[in-house]
Structures are given as C-alpha cells and as structure tokens.
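For reference, the structure is listed below as structure tokens.
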Amino acid sequence: MQIGSSHPAVRDVMALQRSQSGADDTRTVAEGLWANQAVLRSDREVPLFLWCPEALRGPEAVELCQALAERASESYQISARTLARLADRDKPDGMLSMVALASWRPSDLSLGSTALVLVADGIEQPGNLGTLVRTMDACGADALILTNGRTKRNNVKVFRASHGTILRIPSVSFESVAMAQRWLDEQGFQVYLADTGGASRYTAVGYARRTAIVMGNERYGIAAEWYRENAAKVFIPMLGEADSLNVSISAAVLLYEARSQLDGWR
C-alpha cells in the first residue's frame with residue numbers, strides 16, 4: 001500500500017524529525033541504509049517502516065526493506081515526492097523507520113566491578129550527545145547518565161551522530177544533579193569532573209574501580225552542584241593556542257584513559 005504526505009504515519013515521522021513529540025522521547029527516526037541496518041541488528045521494536053522503491057540502490061537495499069517491512073508493526077510504500085519531504089539528505093536511499101528506544105531505570109543497569117559511566121550534564125547540541133554515545137560504545141562504557149538535559153535523546157541528529165549506538169547504550173535521566181550524585185554514591189562510583197581549575201592532569205590520576213566521568217555544557221561547563229569535596233577534577237593539557245577541545249573529543253580522551261587503567265592495558 002502506498003501512502004502520501006497527508007497520511008498520519010507520515011505526519012508522525014515528520015513530528016519526530018522536528019522534535020515535536022512532546023514528553024515522549026521513546027521513539028526516533030532512522031533514515032538510510034546504514035541506519036536501518038543498525039535498526040535491523042538491534043532488538044528494538046519498529047512501529048513503522050516507510051520505503052520508496054524508486055530510490056532503493058541495489059539488491060542489499062531491497063533485501064533490507066523486505067526484512068524491515070516484515071518486522072515493522074506497520075509498513076508502507078511512499079512516492080519519491082513524499083520521500084523528498086521526509087528525507088534529511090541530498091540523495092536519500094529510500095527508507096525510513098520509526099524505532100523504539102529502550103526506557104532504562106537505575107535499577108535496570110548491570111554494573112560490574114570496573115564499571116565506567118559517562119555523565120552528560122547539560123549537553124545542548126544533539127550531534128555532541130550522539131558522538132558521546134558512539135564514543136562510549138567504542139570504549140566499552142557501561143551507561144550514560146543524563147542531568148540538566150537540554151536535548152532529547154530521540155533527536156534524529158543524536159541517532160545519526162551515534163551511528164545507531166543509541167539503540168544499545170543504556171541511558172538514565174535524573175531529575176536533578178543531587179539524585180544522580182546519590183545514586184553514584186550508593187553504587188560506589190568515584191566522580192571525575194572534566195575541568196581545568198585546580199585539576200590533575202588526566203594521565204596522573206589513578207581511576208577508581210568504578211569510575212564516573214562528568215562532561216559539561218558546551219558553553220558553561222559543568223553545573224555547580226557537581227563540585228563536591230569528594231569529586232576529583234581532571235584536565236587535558238592544551239599545548240596550542242586553543243583553550244579547549246570539543247566535548248566529545250575530550251570525553252574520548254578521558255574515557256579511553258580510564259578504560260586503559262581499569263582493564264590493565266598498560
């Protein structure tokens with residue numbers, strides 16, 4: 001069955017793409033071949049799948065569409081014109097899926113003795129949040145903790161920047177910094193703040209068996225509530241004229257250093 005841009009399913013996709021989904025952040029949109037391959041590999045529910053036969057490129061795309069159409073609760077064909085309205089790319093390859101994101105509570109997290117978590121405090125740019133998630137996946141971090149949230153995890157740019165890893169990395173949002181701190185304390189985490197003032201060089205620190213690294217807002221840094229006596233501060237030396245790194249690059253440096261120590265790479 002082919003549907004047009006006035007169909008409720010198409011309008012639902014457009015609402016998600018425009019971040020008009022209200023308080024519901026449990027669904028996102030995956031566009032294109034690699035994104036839908038990530039969806040198919042995941043165990044996540046696919047409420048809706050849309051595809052445009054004229055835009056598919058090669059047998060691999062056709063097979064992927066067939067598999068997702070069978071898996072989705074609803075699936076429809078769309079015209080090239082409707083695809084153009086939905087696509088966020090210059091040369092769309094003919095497929096979009098609505099995919100459910102997992103809902104996690106703190107009690108759902110399975111944490112080992114050398115758990116490594118990243119706290120994203122007030123991150124504004126969805127591309128940065130998605131890249132943080134992709135970095136966490138790469139270094140085997142256990143969970144993402146969100147405080148002072150300023151971008152929704154279901155933003156399509158988060159999915160794209162995470163390269164689909166937002167589907168598998170556990171994430172928990174806390175209503176306040178104090179609630180997140182209480183949970184981290186109860187779980188035996190040592191908290192490290194990415195900062196410069198009065199901090200230790202990141203390679204000079206012996207990271208605790210359970211480590212939480214806090215990355216702050218792109219403009220204003222980490223919220224003041226995180227600065228407690230038992231929170232350690234670490235910095236990355238800046239040897240050129242720039243005074244800082246992008247938040248996701250900084251997180252990669254710190255996470256890999258912590259991972260190397262926790263897993264005994266040295």
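Chain lettering (A, B, ...) mirrors the order of the structure tokens, residue numbering begins at 1 for each chain separately, and ligand numbering begins at 1 in order of display.
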
Determine which residues of stretch 89-225 of chain A receive a DSSP assignment of alpha helix (DSSP H), computed from the backbone, and state them as a PyMOL selection string. chain A and resi 126-139+156-161+177-186

Each residue of stretch 102-138 of chain A with at least one atom at most 9 Å from stretch 148-165 of chain A should appear once, together with its nearest atom pair and the corresponding distance in Å (one decimal); atoms considered: only C-alpha atoms; ordering: chain, then increasing residue number; output as CSV.
```
residue,atom,partner,partner_atom,distance
A:Ala120,CA,A:Gly149,CA,8.1
A:Asp121,CA,A:Asn148,CA,5.6
A:Gly122,CA,A:Asn148,CA,4.6
A:Ile123,CA,A:Arg150,CA,6.1
A:Glu124,CA,A:Arg150,CA,5.1
A:Gln125,CA,A:Thr151,CA,6.8
A:Pro126,CA,A:Val158,CA,5.0
A:Gly127,CA,A:Ala161,CA,5.4
A:Asn128,CA,A:Ala161,CA,7.5
A:Leu129,CA,A:Val158,CA,6.1
A:Gly130,CA,A:Val158,CA,4.1
A:Thr131,CA,A:Ser162,CA,5.1
A:Leu132,CA,A:Ser162,CA,7.3
A:Val133,CA,A:Ser162,CA,5.6
A:Arg134,CA,A:Ser162,CA,4.5
A:Thr135,CA,A:Ser162,CA,8.1
A:Met136,CA,A:Thr165,CA,9.0
A:Asp137,CA,A:Thr165,CA,6.7
```

Can I get the selection written as a PDB file, in the first residue's frame, with C-alpha atoms?
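File written: out.pdb
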```
ATOM      1  CA  ALA A 120      26.388  14.248  30.202  1.00  0.00           C
ATOM      2  CA  ASP A 121      25.439  17.362  32.149  1.00  0.00           C
ATOM      3  CA  GLY A 122      23.517  19.968  30.186  1.00  0.00           C
ATOM      4  CA  ILE A 123      24.751  18.927  26.741  1.00  0.00           C
ATOM      5  CA  GLU A 124      22.958  21.141  24.204  1.00  0.00           C
ATOM      6  CA  GLN A 125      23.989  20.002  20.741  1.00  0.00           C
ATOM      7  CA  PRO A 126      22.358  16.736  19.616  1.00  0.00           C
ATOM      8  CA  GLY A 127      25.389  15.984  17.443  1.00  0.00           C
ATOM      9  CA  ASN A 128      27.611  16.170  20.509  1.00  0.00           C
ATOM     10  CA  LEU A 129      25.318  13.918  22.540  1.00  0.00           C
ATOM     11  CA  GLY A 130      25.228  11.360  19.743  1.00  0.00           C
ATOM     12  CA  THR A 131      29.011  11.423  19.352  1.00  0.00           C
ATOM     13  CA  LEU A 132      29.394  10.916  23.101  1.00  0.00           C
ATOM     14  CA  VAL A 133      27.231   7.801  22.849  1.00  0.00           C
ATOM     15  CA  ARG A 134      29.258   6.488  19.900  1.00  0.00           C
ATOM     16  CA  THR A 135      32.471   7.079  21.851  1.00  0.00           C
ATOM     17  CA  MET A 136      31.052   5.233  24.845  1.00  0.00           C
ATOM     18  CA  ASP A 137      30.239   2.279  22.631  1.00  0.00           C
TER      19      ASP A 137
END
```

Counting only C-alpha atoms, which residues of stretch 88-197 of chain A fall within 10 Å of stretch 62-69 of chain A, and what is the closest atom pair for each with its distance in Å at one decimal, ordered by chain and rising number, as a Markdown table?
```
| residue | atom | partner | partner_atom | distance |
| --- | --- | --- | --- | --- |
| A:Gly94 | CA | A:Cys65 | CA | 9.1 |
| A:Met95 | CA | A:Cys65 | CA | 7.4 |
| A:Leu96 | CA | A:Cys65 | CA | 9.6 |
| A:Ser97 | CA | A:Leu68 | CA | 8.3 |
```

Write the selection just made, keeping N, CA and C atoms, as a PDB file, in the first residue's frame?
```pdb
ATOM      1  N   GLY A  94      16.022   5.866   0.167  1.00  0.00           N
ATOM      2  CA  GLY A  94      14.734   5.222   0.020  1.00  0.00           C
ATOM      3  C   GLY A  94      14.096   4.551   1.209  1.00  0.00           C
ATOM      4  N   MET A  95      14.592   4.760   2.424  1.00  0.00           N
ATOM      5  CA  MET A  95      13.970   4.055   3.547  1.00  0.00           C
ATOM      6  C   MET A  95      14.065   4.850   4.840  1.00  0.00           C
ATOM      7  N   LEU A  96      13.002   4.820   5.612  1.00  0.00           N
ATOM      8  CA  LEU A  96      12.952   5.425   6.932  1.00  0.00           C
ATOM      9  C   LEU A  96      12.189   4.496   7.862  1.00  0.00           C
ATOM     10  N   SER A  97      12.673   4.382   9.080  1.00  0.00           N
ATOM     11  CA  SER A  97      11.951   3.580  10.063  1.00  0.00           C
ATOM     12  C   SER A  97      11.788   4.365  11.351  1.00  0.00           C
TER      13      SER A  97
END
```

Output as a tab-separated table one row per residue of stretch 209-257 of chain A within 7 Å of stretch 171-189 of chain A: the closest atom pair and its distance in Å to one decimal place, counting only C-alpha atoms, sorted by chain and residue number ascending.
```
residue	atom	partner	partner_atom	distance
A:Arg210	CA	A:Phe189	CA	4.8
A:Thr211	CA	A:Phe189	CA	5.4
A:Ala212	CA	A:Phe189	CA	6.2
A:Glu225	CA	A:Val177	CA	6.5
A:Trp226	CA	A:Val177	CA	6.9
```

Next, dump the selected residues to file, keeping only C-alpha atoms, as a compact mmCIF listing (two decimals), in the first residue's frame.
```txt
# COMPACT_ATOMS: atom_id res chain seq x y z
CA ARG A 210 34.02 2.25 39.45
CA THR A 211 34.52 5.49 37.54
CA ALA A 212 32.05 8.21 36.50
CA GLU A 225 26.14 21.22 42.02
CA TRP A 226 28.66 18.66 40.80
```

Using only C-alpha atoms: which of A:Leu40, A:Met238, A:Leu33, A:Leu193 has the shortest distance to A:Lys91
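For A:Lys91, the nearest of the candidates is A:Leu33.
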
Would you pick out the contacts of stretch 99-114 of chain A at 9 Å or less, using only C-alpha atoms, so that residues sharing its chain but fewer than 4 positions from it are not included, and give the list as a PyMOL selection string? chain A and resi 25-30+39+44-49+142-143+153-154+166-168+170-173+183+187+208-211+259+262-263

Requested write-out: C-alpha atoms of the selected residues, as a PDB file, in the first residue's frame:
```pdb
ATOM      1  CA  ASP A  25      11.236  10.593  23.844  1.00  0.00           C
ATOM      2  CA  THR A  26      10.872   6.843  23.398  1.00  0.00           C
ATOM      3  CA  ARG A  27      10.876   6.810  19.579  1.00  0.00           C
ATOM      4  CA  THR A  28      13.240   8.133  16.948  1.00  0.00           C
ATOM      5  CA  VAL A  29      13.648   8.005  13.172  1.00  0.00           C
ATOM      6  CA  ALA A  30      16.376   6.124  11.301  1.00  0.00           C
ATOM      7  CA  VAL A  39      17.858  -0.991  13.423  1.00  0.00           C
ATOM      8  CA  ARG A  44      14.262  -2.762  19.271  1.00  0.00           C
ATOM      9  CA  GLU A  45      10.626  -2.603  18.222  1.00  0.00           C
ATOM     10  CA  VAL A  46       9.910  -0.992  14.842  1.00  0.00           C
ATOM     11  CA  PRO A  47       6.432   0.566  14.943  1.00  0.00           C
ATOM     12  CA  LEU A  48       6.647   1.919  11.387  1.00  0.00           C
ATOM     13  CA  PHE A  49       8.701   1.415   8.236  1.00  0.00           C
ATOM     14  CA  ASP A 142      28.552   0.821  30.660  1.00  0.00           C
ATOM     15  CA  ALA A 143      25.949   3.586  30.831  1.00  0.00           C
ATOM     16  CA  ARG A 153      17.825  11.532  23.165  1.00  0.00           C
ATOM     17  CA  ASN A 154      15.313  10.766  20.407  1.00  0.00           C
ATOM     18  CA  ILE A 166      21.885   4.973  20.932  1.00  0.00           C
ATOM     19  CA  LEU A 167      19.826   1.798  20.404  1.00  0.00           C
ATOM     20  CA  ARG A 168      22.090  -0.259  22.660  1.00  0.00           C
ATOM     21  CA  PRO A 170      21.862   2.178  28.408  1.00  0.00           C
ATOM     22  CA  SER A 171      20.915   5.731  29.379  1.00  0.00           C
ATOM     23  CA  VAL A 172      19.243   7.030  32.516  1.00  0.00           C
ATOM     24  CA  SER A 173      17.944  10.562  33.061  1.00  0.00           C
ATOM     25  CA  TRP A 183      22.819   7.049  43.012  1.00  0.00           C
ATOM     26  CA  GLN A 187      26.840   2.344  43.639  1.00  0.00           C
ATOM     27  CA  ALA A 208      38.756   4.128  40.768  1.00  0.00           C
ATOM     28  CA  ARG A 209      37.370   0.643  40.158  1.00  0.00           C
ATOM     29  CA  ARG A 210      34.019   2.252  39.449  1.00  0.00           C
ATOM     30  CA  THR A 211      34.522   5.493  37.545  1.00  0.00           C
ATOM     31  CA  ARG A 259      39.387   2.213  30.362  1.00  0.00           C
ATOM     32  CA  LEU A 262      40.512  -0.260  34.588  1.00  0.00           C
ATOM     33  CA  ASP A 263      41.320  -3.068  32.142  1.00  0.00           C
TER      34      ASP A 263
END
```

Report as a PyMOL selection string all protein, DNA and RNA residues lying within 12 Å of A:Leu83, evaluated on only C-alpha atoms, omitting residues in the same chain fewer than 2 positions from it. chain A and resi 2-5+10+13-14+31-32+50-56+76-81+85-96
